[in-house]
2 protein chains.
Amino acid sequence: MHIAFIGLGIMGKPMARNLRRAGHDMVVYNRSRPAMDELVRDGMTAAANPADAAARADIVVTMLPNSPEVRDVVTGDNGVLSGARNGLVLIDMSSIAPLAAREIAALCGEKGVTMLDAPVSGGEPKAIDGTLAVMAGGDRDTFDRLREPVLLKMAASAVYCGPIGAGNAAKLANQIIVAANIAAVAEALTLAGQIGVDPAVVVDAIRGGLAGSAVLEAKAPMMIRDDFTPGFKIDLHIKDLANALETGHGVGSPMPITAQIAEMLQTVRADGGGQCDHSALITYFRKLTGTGGGR
Amino acid sequence: MHIAFIGLGIMGKPMARNLRRAGHDMVVYNRSRPAMDELVRDGMTAAANPADAAARADIVVTMLPNSPEVRDVVTGDNGVLSGARNGLVLIDMSSIAPLAAREIAALCGEKGVTMLDAPVSGGEPKAIDGTLAVMAGGDRDTFDRLREPVLLKMAASAVYCGPIGAGNAAKLANQIIVAANIAAVAEALTLAGQIGVDPAVVVDAIRGGLAGSAVLEAKAPMMIRDDFTPGFKIDLHIKDLANALETGHGVGSPMPITAQIAEMLQTVRADGGGQCDHSALITYFRKLTGTGGGR
C-alpha cells in the first residue's frame, strides 16, 4: 500500500521502518529534516508537507505529541486534508484527547476521509520490535481491513474499542490506572520504609495477592533501586493525565484520583524530574520524609 | 501443641478448625457464646476468659477486629498476659496498626511472652480452605519454628517480613495498593462509560499491559455487573485505611492517596454501602455522574 507517515520522533521513526519492512511504499514527513533524511536513506520518499504526503498515499499515519499538533497537521494550512483525496484513511496513532479525536474525525468526514484513532502502549523498544499494543476506535470495517496489513506490522496486538475516540478513551483509562498504581505503590513502600520494614520484603509478601500488578512487578524494583531510567517519562504521563482531566471535565466524569496524582507529578517535574521514569513519583514522598535516595 | 484460639468470627472459626484438623489440642474463647459452643461440639475446649485460655496453652492465636480489641484481650483484666506463663507465644493474626502491635509486644515481653504479628490476606473462603496468605513480623526463630506446624495449617503461604509490626506494615501496604487500584479502575471505567465506550472492552484492551492487575481481573467485572457481593467489605477496608493513616501520621509518612480514598469509601458507607464489596467504590463515581446501576 501507499502509506504516508507523519511524525518521525522516537516512536514514529521505528514504526515507519516496520511498515517499510512489511513492503509498503512509504512517504514520510517530519517538521525537522534529519529524521526524514535518515528514512530516505532507508528507501522512503520525503514529502514537502503533510498535504504533499497525503496526496501521494492511500493511508496516512500520524504519530505526534498531542491533540494540538494532530489538529494542526491534519486541518491546518498544507495539512493532510488539503492534500487528501476522497477515500483516504487517516490512522492517528498519537495519544490525544478522545474529544479532540472526534472533532478531527468530523472534519475528516467532510472531506471523505475516514479516521481511526489508534494510540499505542509500549515505549521505544516495542516500537522498534514491532510489538506495541494498539487500542483503536473508528469505523469497524476500516479497522478490520487495515489491522493485519498495517497495524499488526507495528504492533503485537490491535484491539477494536468502539467508535471514534474509543482508542484514546482506552488509552486514558490505561494511563489513569498506571499512574494511580505507581502513586499507591510509592506511598505504601515509603510508609513501610518509615516503619522500618524493608520495601523489597513487602513487595515479595504482597505480590501474589490482590495487590499484585504489572506496576508492582515493573516499577517497585526501580523505586527500590533508585533507578529512574525511562521507561515512560513523567512529562509524558503529565500530558496524558491532562488529557484525562480535560476529557473528564468535558463529559462530566469526576476525576479526583487523576487530579491528585497529576498534581504530585507536577511537583516532581518542578523539582527537575520531568525526564525521569514515572516511577520517580516516589521522590515526591521521599522529599517529604527527608529519606532515601534522589534522582 | 496446645493452642488457645481467641476470636471466633467469620475468619477465626474456620482457622481454629484447621488447627484442630492438623491435630492440635485446641482451647477456644470468644466474647459471645454460640461460636464457642459450636467448636466445643467439634472437640475443642471452651475457656472462661482469655487468661484461662492462655493458662492452658503453649501458643495463643488471636483473630480480632482491630487494635483496641487486641490490646484489651491481651493486656486487660483477665487478659492473655494475666494467665500467661513465661515462654508463651502469642500470634496475633488480626489486622491492626503496626505501632499498636509493637506496643502490645513490648508489654508481652515484660511477661516473658513472645509475640508475632501475623495478619492475613484472603477472606472467609480461603480461611475455610486453609489457603490464606500470612505476612508475619517478630522473632525470626519463633516464626521459623511455628511456620510449618501452625501458620501453614491455616495458610498457603507465610512470609517473614521483619521485626514486630512488619507483618501489619506489609498488610497496610497491601490494603493501600488495593484501595488505590480499585479507585483508579472505578474512575477510569466511569470516564470510559461517560465517553460512550464500553468499559468491558476497555478492560480487555488494557489488561495485558502496565495497567494489568489482580484488581482489574477480580474487581472490574464486579463493577461492570453491578455485583457487590463481598468479598472484602467497605467497612473493613475503611478500618484498614484508618490504621494506615494513623501509622503514617505516627511515623511521618505522607498519605495523600490513602486519605483521599478513605474519604471516598466513607462517602459510600454514609450512603449505605458499608457491607458491600470494596468494588462498590464505583458507586461514588456513579452518584456524581447520575448514571449506571446502584447497589
# chains A, B, ... in the order shown; residues from 1 in each chain; ligands from 1
>>> interface_residues(of="chain A", to="chain B", cutoff="7 Å", atoms="only C-alpha atoms", output="ChimeraX atom specification")
/A:135,159,161-162,166,169-170,173-174,176-178,180-181,184-185,187-192,194-195,197,201-202,205-206,210-215,248,251-255,257,285,289
>>> write_last_selection(atoms="C-alpha atoms", output="compact mmCIF listing (two decimals), in the first residue's frame")
# COMPACT_ATOMS: atom_id res chain seq x y z
CA MET A 135 -6.20 0.43 21.04
CA VAL A 159 -7.92 -4.25 19.82
CA CYS A 161 -12.57 -0.47 21.23
CA GLY A 162 -15.59 1.20 19.59
CA ALA A 166 -12.64 4.90 21.87
CA ALA A 169 -10.54 6.54 25.85
CA ALA A 170 -8.96 3.14 26.47
CA ALA A 173 -8.07 4.57 31.23
CA ASN A 174 -4.74 2.77 30.97
CA ILE A 176 -5.05 6.70 34.89
CA ILE A 177 -4.76 3.21 36.31
CA VAL A 178 -0.99 3.03 35.81
CA ALA A 180 -2.62 5.63 40.44
CA ASN A 181 -0.96 2.29 40.91
CA ALA A 184 -0.09 3.87 45.64
CA VAL A 185 2.99 1.65 45.46
CA GLU A 187 3.04 5.77 49.15
CA ALA A 188 2.85 2.23 50.55
CA LEU A 189 6.57 1.48 50.18
CA THR A 190 7.51 4.84 51.70
CA LEU A 191 5.27 4.03 54.67
CA ALA A 192 6.89 0.60 55.05
CA GLN A 194 9.33 4.77 57.59
CA ILE A 195 8.08 1.98 59.87
CA VAL A 197 10.41 -2.52 57.18
CA VAL A 201 10.31 -7.77 51.51
CA VAL A 202 6.91 -6.08 51.49
CA ALA A 205 4.93 -10.58 50.66
CA ILE A 206 2.08 -8.97 48.72
CA LEU A 210 -4.94 -8.70 45.30
CA ALA A 211 -2.21 -6.01 45.43
CA GLY A 212 -0.34 -7.76 42.62
CA SER A 213 0.05 -5.84 39.37
CA ALA A 214 2.26 -5.20 36.39
CA VAL A 215 3.22 -1.89 38.04
CA GLY A 248 -13.47 14.14 32.40
CA VAL A 251 -18.09 14.61 29.69
CA GLY A 252 -18.90 15.30 33.35
CA SER A 253 -16.93 12.44 34.90
CA PRO A 254 -15.30 13.13 38.29
CA MET A 255 -11.51 12.72 38.32
CA ILE A 257 -7.66 10.47 41.80
CA PHE A 285 7.23 11.06 49.17
CA THR A 289 10.05 12.30 54.64
>>> calpha_fit_and_write(fixed="chain A", moving="chain B", output="mmCIF file with C-alpha atoms, in the first residue's frame")
data_model
loop_
_atom_site.group_PDB
_atom_site.id
_atom_site.type_symbol
_atom_site.label_atom_id
_atom_site.label_comp_id
_atom_site.auth_asym_id
_atom_site.auth_seq_id
_atom_site.Cartn_x
_atom_site.Cartn_y
_atom_site.Cartn_z
ATOM 1 C CA MET B 1 -0.004 -0.024 0.047
ATOM 2 C CA HIS B 2 1.013 3.606 -0.273
ATOM 3 C CA ILE B 3 1.409 4.899 3.249
ATOM 4 C CA ALA B 4 2.359 8.408 4.364
ATOM 5 C CA PHE B 5 3.890 8.555 7.842
ATOM 6 C CA ILE B 6 3.897 11.928 9.602
ATOM 7 C CA GLY B 7 5.768 12.470 12.875
ATOM 8 C CA LEU B 8 9.173 10.778 12.957
ATOM 9 C CA GLY B 9 10.051 11.021 16.645
ATOM 10 C CA ILE B 10 11.364 8.340 18.979
ATOM 11 C CA MET B 11 8.236 6.269 18.326
ATOM 12 C CA GLY B 12 7.343 7.280 14.767
ATOM 13 C CA LYS B 13 10.689 6.522 13.164
ATOM 14 C CA PRO B 14 10.866 2.837 14.109
ATOM 15 C CA MET B 15 7.135 2.431 13.379
ATOM 16 C CA ALA B 16 7.660 3.784 9.840
ATOM 17 C CA ARG B 17 10.613 1.428 9.408
ATOM 18 C CA ASN B 18 8.455 -1.552 10.379
ATOM 19 C CA LEU B 19 5.848 -0.576 7.777
ATOM 20 C CA ARG B 20 8.578 -0.258 5.145
ATOM 21 C CA ARG B 21 9.961 -3.663 6.160
ATOM 22 C CA ALA B 22 6.461 -5.103 5.621
ATOM 23 C CA GLY B 23 6.697 -4.019 1.988
ATOM 24 C CA HIS B 24 4.690 -0.811 1.979
ATOM 25 C CA ASP B 25 5.639 2.196 -0.194
ATOM 26 C CA MET B 26 6.447 4.862 2.337
ATOM 27 C CA VAL B 27 6.277 8.633 2.077
ATOM 28 C CA VAL B 28 7.459 10.385 5.224
ATOM 29 C CA TYR B 29 7.157 13.855 6.679
ATOM 30 C CA ASN B 30 8.587 15.437 9.805
ATOM 31 C CA ARG B 31 8.778 19.065 10.909
ATOM 32 C CA SER B 32 12.548 18.856 11.255
ATOM 33 C CA ARG B 33 14.661 17.469 8.466
ATOM 34 C CA PRO B 34 17.224 14.973 9.916
ATOM 35 C CA ALA B 35 14.731 12.191 10.776
ATOM 36 C CA MET B 36 13.318 12.407 7.253
ATOM 37 C CA ASP B 37 16.784 12.223 5.667
ATOM 38 C CA GLU B 38 17.533 9.148 7.706
ATOM 39 C CA LEU B 39 14.441 7.339 6.440
ATOM 40 C CA VAL B 40 15.103 8.458 2.848
ATOM 41 C CA ARG B 41 18.393 6.578 3.104
ATOM 42 C CA ASP B 42 16.249 3.541 4.092
ATOM 43 C CA GLY B 43 14.363 3.802 0.789
ATOM 44 C CA MET B 44 11.450 6.049 1.770
ATOM 45 C CA THR B 45 10.386 9.263 0.025
ATOM 46 C CA ALA B 46 10.375 12.661 1.735
ATOM 47 C CA ALA B 47 7.282 14.847 1.379
ATOM 48 C CA ALA B 48 7.304 18.664 1.291
ATOM 49 C CA ASN B 49 4.494 18.981 3.838
ATOM 50 C CA PRO B 50 1.533 16.945 5.222
ATOM 51 C CA ALA B 51 -0.653 17.845 2.213
ATOM 52 C CA ASP B 52 2.021 16.571 -0.167
ATOM 53 C CA ALA B 53 2.418 13.384 1.910
ATOM 54 C CA ALA B 54 -1.349 12.770 1.897
ATOM 55 C CA ALA B 55 -1.627 13.396 -1.853
ATOM 56 C CA ARG B 56 0.738 10.494 -2.522
ATOM 57 C CA ALA B 57 -0.883 7.959 -0.174
ATOM 58 C CA ASP B 58 -3.907 5.721 0.413
ATOM 59 C CA ILE B 59 -3.279 5.762 4.130
ATOM 60 C CA VAL B 60 -1.811 8.480 6.335
ATOM 61 C CA VAL B 61 -0.396 7.517 9.746
ATOM 62 C CA THR B 62 0.262 10.300 12.257
ATOM 63 C CA MET B 63 2.368 9.899 15.386
ATOM 64 C CA LEU B 64 2.530 13.310 17.077
ATOM 65 C CA PRO B 65 2.927 14.720 20.595
ATOM 66 C CA ASN B 66 -0.643 15.791 21.410
ATOM 67 C CA SER B 67 -4.053 17.022 20.223
ATOM 68 C CA PRO B 68 -2.938 20.502 19.008
ATOM 69 C CA GLU B 69 -0.208 19.032 16.800
ATOM 70 C CA VAL B 70 -2.609 16.497 15.292
ATOM 71 C CA ARG B 71 -5.212 19.207 14.682
ATOM 72 C CA ASP B 72 -2.605 21.383 13.010
ATOM 73 C CA VAL B 73 -1.069 18.637 10.846
ATOM 74 C CA VAL B 74 -4.484 17.375 9.727
ATOM 75 C CA THR B 75 -6.584 20.510 9.380
ATOM 76 C CA GLY B 76 -4.027 23.357 9.124
ATOM 77 C CA ASP B 77 -2.469 25.058 6.096
ATOM 78 C CA ASN B 78 -0.804 22.424 3.916
ATOM 79 C CA GLY B 79 -2.362 19.879 6.234
ATOM 80 C CA VAL B 80 -3.422 16.341 5.431
ATOM 81 C CA LEU B 81 -6.951 17.386 4.473
ATOM 82 C CA SER B 82 -5.763 19.907 1.880
ATOM 83 C CA GLY B 83 -3.910 17.123 0.033
ATOM 84 C CA ALA B 84 -6.350 14.296 0.719
ATOM 85 C CA ARG B 85 -8.484 12.666 -1.943
ATOM 86 C CA ASN B 86 -11.862 11.121 -1.198
ATOM 87 C CA GLY B 87 -11.428 7.654 0.365
ATOM 88 C CA LEU B 88 -8.163 8.365 2.152
ATOM 89 C CA VAL B 89 -7.779 6.732 5.569
ATOM 90 C CA LEU B 90 -6.118 8.621 8.419
ATOM 91 C CA ILE B 91 -4.797 6.485 11.282
ATOM 92 C CA ASP B 92 -3.843 8.786 14.132
ATOM 93 C CA MET B 93 -1.640 6.804 16.488
ATOM 94 C CA SER B 94 -0.821 9.752 18.745
ATOM 95 C CA SER B 95 -2.185 9.738 22.303
ATOM 96 C CA ILE B 96 -4.647 12.632 22.300
ATOM 97 C CA ALA B 97 -7.900 13.671 23.956
ATOM 98 C CA PRO B 98 -10.815 11.471 22.786
ATOM 99 C CA LEU B 99 -13.003 14.522 22.194
ATOM 100 C CA ALA B 100 -10.274 16.085 20.027
ATOM 101 C CA ALA B 101 -10.130 12.841 18.028
ATOM 102 C CA ARG B 102 -13.894 13.121 17.459
ATOM 103 C CA GLU B 103 -13.668 16.722 16.309
ATOM 104 C CA ILE B 104 -10.809 16.007 13.920
ATOM 105 C CA ALA B 105 -12.635 12.920 12.609
ATOM 106 C CA ALA B 106 -15.711 15.047 11.884
ATOM 107 C CA LEU B 107 -13.611 17.453 9.797
ATOM 108 C CA CYS B 108 -12.057 14.460 8.024
ATOM 109 C CA GLY B 109 -15.520 13.130 7.286
ATOM 110 C CA GLU B 110 -16.438 16.354 5.463
ATOM 111 C CA LYS B 111 -13.599 15.663 3.024
ATOM 112 C CA GLY B 112 -14.403 11.970 2.578
ATOM 113 C CA VAL B 113 -11.495 10.920 4.800
ATOM 114 C CA THR B 114 -12.079 8.067 7.279
ATOM 115 C CA MET B 115 -10.209 8.422 10.550
ATOM 116 C CA LEU B 116 -9.226 5.799 13.104
ATOM 117 C CA ASP B 117 -7.828 6.852 16.478
ATOM 118 C CA ALA B 118 -5.296 4.193 17.332
ATOM 119 C CA PRO B 119 -2.981 5.143 20.193
ATOM 120 C CA VAL B 120 -0.434 2.648 21.441
ATOM 121 C CA SER B 121 0.989 1.504 24.702
ATOM 122 C CA GLY B 122 4.611 0.430 24.943
ATOM 123 C CA GLY B 123 7.697 2.593 24.542
ATOM 124 C CA GLU B 124 10.623 2.877 22.119
ATOM 125 C CA PRO B 125 11.879 -0.738 22.469
ATOM 126 C CA LYS B 126 8.449 -2.107 21.543
ATOM 127 C CA ALA B 127 8.174 0.387 18.694
ATOM 128 C CA ILE B 128 11.487 -0.960 17.366
ATOM 129 C CA ASP B 129 10.454 -4.597 17.845
ATOM 130 C CA GLY B 130 7.005 -3.997 16.365
ATOM 131 C CA THR B 131 5.376 -5.251 19.555
ATOM 132 C CA LEU B 132 3.302 -2.217 20.579
ATOM 133 C CA ALA B 133 -0.296 -2.636 21.782
ATOM 134 C CA VAL B 134 -2.832 -0.695 19.686
ATOM 135 C CA MET B 135 -6.209 0.448 21.062
ATOM 136 C CA ALA B 136 -8.374 1.627 18.186
ATOM 137 C CA GLY B 137 -11.613 3.493 17.641
ATOM 138 C CA GLY B 138 -13.516 4.420 14.487
ATOM 139 C CA ASP B 139 -15.106 2.635 11.557
ATOM 140 C CA ARG B 140 -15.085 -1.092 12.252
ATOM 141 C CA ASP B 141 -14.689 -2.225 8.645
ATOM 142 C CA THR B 142 -11.741 0.088 8.120
ATOM 143 C CA PHE B 143 -10.139 -1.251 11.296
ATOM 144 C CA ASP B 144 -10.715 -4.865 10.240
ATOM 145 C CA ARG B 145 -9.274 -4.218 6.788
ATOM 146 C CA LEU B 146 -6.104 -2.498 8.040
ATOM 147 C CA ARG B 147 -5.492 -4.468 11.215
ATOM 148 C CA GLU B 148 -3.380 -7.208 9.679
ATOM 149 C CA PRO B 149 -1.513 -5.414 6.848
ATOM 150 C CA VAL B 150 -0.831 -2.155 8.712
ATOM 151 C CA LEU B 151 -1.445 -2.114 12.478
ATOM 152 C CA LEU B 152 -0.013 -5.554 13.234
ATOM 153 C CA LYS B 153 3.134 -4.659 11.305
ATOM 154 C CA MET B 154 3.876 -2.201 14.128
ATOM 155 C CA ALA B 155 2.160 -3.937 17.035
ATOM 156 C CA ALA B 156 1.755 -7.321 18.670
ATOM 157 C CA SER B 157 -1.914 -6.630 19.380
ATOM 158 C CA ALA B 158 -4.599 -4.338 18.015
ATOM 159 C CA VAL B 159 -7.934 -4.238 19.850
ATOM 160 C CA TYR B 160 -11.055 -2.557 18.471
ATOM 161 C CA CYS B 161 -12.597 -0.456 21.259
ATOM 162 C CA GLY B 162 -15.607 1.213 19.618
ATOM 163 C CA PRO B 163 -16.497 4.379 17.713
ATOM 164 C CA ILE B 164 -14.003 7.181 17.044
ATOM 165 C CA GLY B 165 -12.346 8.338 20.275
ATOM 166 C CA ALA B 166 -12.657 4.906 21.881
ATOM 167 C CA GLY B 167 -8.994 4.104 21.276
ATOM 168 C CA ASN B 168 -7.931 7.201 23.176
ATOM 169 C CA ALA B 169 -10.561 6.563 25.852
ATOM 170 C CA ALA B 170 -8.978 3.153 26.475
ATOM 171 C CA LYS B 171 -5.522 4.730 26.460
ATOM 172 C CA LEU B 172 -6.573 7.315 29.040
ATOM 173 C CA ALA B 173 -8.079 4.593 31.225
ATOM 174 C CA ASN B 174 -4.752 2.789 30.965
ATOM 175 C CA GLN B 175 -2.771 5.884 31.930
ATOM 176 C CA ILE B 176 -5.059 6.718 34.865
ATOM 177 C CA ILE B 177 -4.762 3.205 36.284
ATOM 178 C CA VAL B 178 -0.989 3.039 35.778
ATOM 179 C CA ALA B 179 -0.455 6.455 37.407
ATOM 180 C CA ALA B 180 -2.631 5.630 40.414
ATOM 181 C CA ASN B 181 -0.960 2.297 40.870
ATOM 182 C CA ILE B 182 2.505 3.881 40.761
ATOM 183 C CA ALA B 183 1.399 6.490 43.305
ATOM 184 C CA ALA B 184 -0.085 3.843 45.607
ATOM 185 C CA VAL B 185 2.995 1.625 45.419
ATOM 186 C CA ALA B 186 5.177 4.675 46.131
ATOM 187 C CA GLU B 187 3.031 5.740 49.106
ATOM 188 C CA ALA B 188 2.868 2.196 50.505
ATOM 189 C CA LEU B 189 6.590 1.452 50.127
ATOM 190 C CA THR B 190 7.515 4.815 51.645
ATOM 191 C CA LEU B 191 5.284 3.989 54.623
ATOM 192 C CA ALA B 192 6.912 0.556 54.978
ATOM 193 C CA GLY B 193 10.344 2.183 54.913
ATOM 194 C CA GLN B 194 9.356 4.729 57.538
ATOM 195 C CA ILE B 195 8.098 1.927 59.805
ATOM 196 C CA GLY B 196 11.495 0.302 59.378
ATOM 197 C CA VAL B 197 10.443 -2.575 57.131
ATOM 198 C CA ASP B 198 12.349 -3.452 53.965
ATOM 199 C CA PRO B 199 10.205 -2.437 50.957
ATOM 200 C CA ALA B 200 11.608 -5.315 48.880
ATOM 201 C CA VAL B 201 10.338 -7.799 51.469
ATOM 202 C CA VAL B 202 6.931 -6.108 51.445
ATOM 203 C CA VAL B 203 6.737 -6.391 47.655
ATOM 204 C CA ASP B 204 7.586 -10.051 47.913
ATOM 205 C CA ALA B 205 4.954 -10.627 50.596
ATOM 206 C CA ILE B 206 2.096 -9.005 48.660
ATOM 207 C CA ARG B 207 2.836 -9.600 44.972
ATOM 208 C CA GLY B 208 0.866 -12.856 44.827
ATOM 209 C CA GLY B 209 -2.376 -11.386 46.166
ATOM 210 C CA LEU B 210 -4.925 -8.727 45.247
ATOM 211 C CA ALA B 211 -2.206 -6.040 45.384
ATOM 212 C CA GLY B 212 -0.318 -7.781 42.580
ATOM 213 C CA SER B 213 0.052 -5.838 39.335
ATOM 214 C CA ALA B 214 2.267 -5.192 36.351
ATOM 215 C CA VAL B 215 3.218 -1.894 38.003
ATOM 216 C CA LEU B 216 4.314 -3.662 41.199
ATOM 217 C CA GLU B 217 6.453 -6.051 39.138
ATOM 218 C CA ALA B 218 7.969 -3.448 36.811
ATOM 219 C CA LYS B 219 8.147 -0.255 38.853
ATOM 220 C CA ALA B 220 8.630 -1.215 42.532
ATOM 221 C CA PRO B 221 12.121 -2.604 41.796
ATOM 222 C CA MET B 222 13.040 0.682 40.056
ATOM 223 C CA MET B 223 11.825 2.644 43.094
ATOM 224 C CA ILE B 224 13.815 0.404 45.429
ATOM 225 C CA ARG B 225 16.973 0.676 43.283
ATOM 226 C CA ASP B 226 16.568 4.458 42.747
ATOM 227 C CA ASP B 227 16.770 3.755 39.021
ATOM 228 C CA PHE B 228 14.522 6.147 37.125
ATOM 229 C CA THR B 229 15.801 5.515 33.600
ATOM 230 C CA PRO B 230 12.752 5.901 31.338
ATOM 231 C CA GLY B 231 10.672 3.834 30.480
ATOM 232 C CA PHE B 232 7.850 6.260 30.297
ATOM 233 C CA LYS B 233 8.652 9.847 31.204
ATOM 234 C CA ILE B 234 6.883 11.932 33.812
ATOM 235 C CA ASP B 235 6.468 14.750 31.235
ATOM 236 C CA LEU B 236 4.486 12.415 28.978
ATOM 237 C CA HIS B 237 2.397 11.010 31.793
ATOM 238 C CA ILE B 238 1.499 14.554 32.859
ATOM 239 C CA LYS B 239 0.365 15.229 29.283
ATOM 240 C CA ASP B 240 -1.821 12.117 29.262
ATOM 241 C CA LEU B 241 -3.363 12.921 32.643
ATOM 242 C CA ALA B 242 -4.072 16.481 31.482
ATOM 243 C CA ASN B 243 -5.979 14.965 28.551
ATOM 244 C CA ALA B 244 -7.810 12.681 30.997
ATOM 245 C CA LEU B 245 -8.797 15.647 33.181
ATOM 246 C CA GLU B 246 -9.921 17.712 30.172
ATOM 247 C CA THR B 247 -11.956 14.737 28.973
ATOM 248 C CA GLY B 248 -13.494 14.164 32.403
ATOM 249 C CA HIS B 249 -14.476 17.812 32.623
ATOM 250 C CA GLY B 250 -15.891 17.642 29.098
ATOM 251 C CA VAL B 251 -18.112 14.617 29.712
ATOM 252 C CA GLY B 252 -18.925 15.304 33.369
ATOM 253 C CA SER B 253 -16.949 12.446 34.889
ATOM 254 C CA PRO B 254 -15.317 13.131 38.285
ATOM 255 C CA MET B 255 -11.529 12.732 38.310
ATOM 256 C CA PRO B 256 -10.385 13.132 41.939
ATOM 257 C CA ILE B 257 -7.667 10.466 41.780
ATOM 258 C CA THR B 258 -6.287 11.647 38.460
ATOM 259 C CA ALA B 259 -6.267 15.283 39.581
ATOM 260 C CA GLN B 260 -4.331 14.484 42.720
ATOM 261 C CA ILE B 261 -1.726 12.339 41.000
ATOM 262 C CA ALA B 262 -1.303 14.837 38.146
ATOM 263 C CA GLU B 263 -0.523 17.436 40.800
ATOM 264 C CA MET B 264 2.021 15.147 42.479
ATOM 265 C CA LEU B 265 3.699 14.503 39.118
ATOM 266 C CA GLN B 266 3.795 18.279 38.495
ATOM 267 C CA THR B 267 5.635 18.658 41.804
ATOM 268 C CA VAL B 268 8.231 16.093 40.742
ATOM 269 C CA ARG B 269 8.574 17.852 37.379
ATOM 270 C CA ALA B 270 9.008 21.245 39.044
ATOM 271 C CA ASP B 271 11.781 19.600 41.037
ATOM 272 C CA GLY B 272 13.556 18.606 37.807
ATOM 273 C CA GLY B 273 12.168 15.111 37.315
ATOM 274 C CA GLY B 274 10.220 15.536 34.078
ATOM 275 C CA GLN B 275 12.583 13.382 32.034
ATOM 276 C CA CYS B 276 12.680 10.612 34.643
ATOM 277 C CA ASP B 277 10.624 7.445 34.487
ATOM 278 C CA HIS B 278 7.182 7.868 36.079
ATOM 279 C CA SER B 279 8.309 5.583 38.912
ATOM 280 C CA ALA B 280 10.266 8.652 40.133
ATOM 281 C CA LEU B 281 6.926 9.724 41.619
ATOM 282 C CA ILE B 282 8.306 8.061 44.765
ATOM 283 C CA THR B 283 10.668 11.045 45.118
ATOM 284 C CA TYR B 284 7.562 13.125 45.955
ATOM 285 C CA PHE B 285 7.238 11.039 49.129
ATOM 286 C CA ARG B 286 10.967 10.886 49.817
ATOM 287 C CA LYS B 287 11.309 14.660 49.742
ATOM 288 C CA LEU B 288 8.565 14.916 52.326
ATOM 289 C CA THR B 289 10.054 12.269 54.581
ATOM 290 C CA GLY B 290 13.595 13.501 54.035
ATOM 291 C CA THR B 291 14.799 9.966 53.364
ATOM 292 C CA GLY B 292 16.218 7.743 50.724
ATOM 293 C CA GLY B 293 18.012 8.340 47.462
ATOM 294 C CA GLY B 294 17.267 11.000 44.903
ATOM 295 C CA ARG B 295 17.220 11.057 41.179
#
>>> select_by_dssp(residues="stretch 71-206 of chain A", states="strand (DSSP E)", output="list of chain:residue names")
A:Val89, A:Leu90, A:Ile91, A:Asp92, A:Thr114, A:Met115, A:Leu116, A:Asp117, A:Val120, A:Ser121, A:Leu132, A:Ala133, A:Val134, A:Met135, A:Ala136, A:Gly137, A:Gly138, A:Ala155, A:Ala156, A:Ser157, A:Ala158, A:Val159, A:Tyr160, A:Cys161, A:Gly162
>>> select_by_dssp(residues="stretch 113-283 of chain A", states="helix (DSSP H, G or I)", output="ChimeraX atom specification")
/A:124-129,140-147,151-153,166-195,199-206,214-225,234-251,256-273,278-283
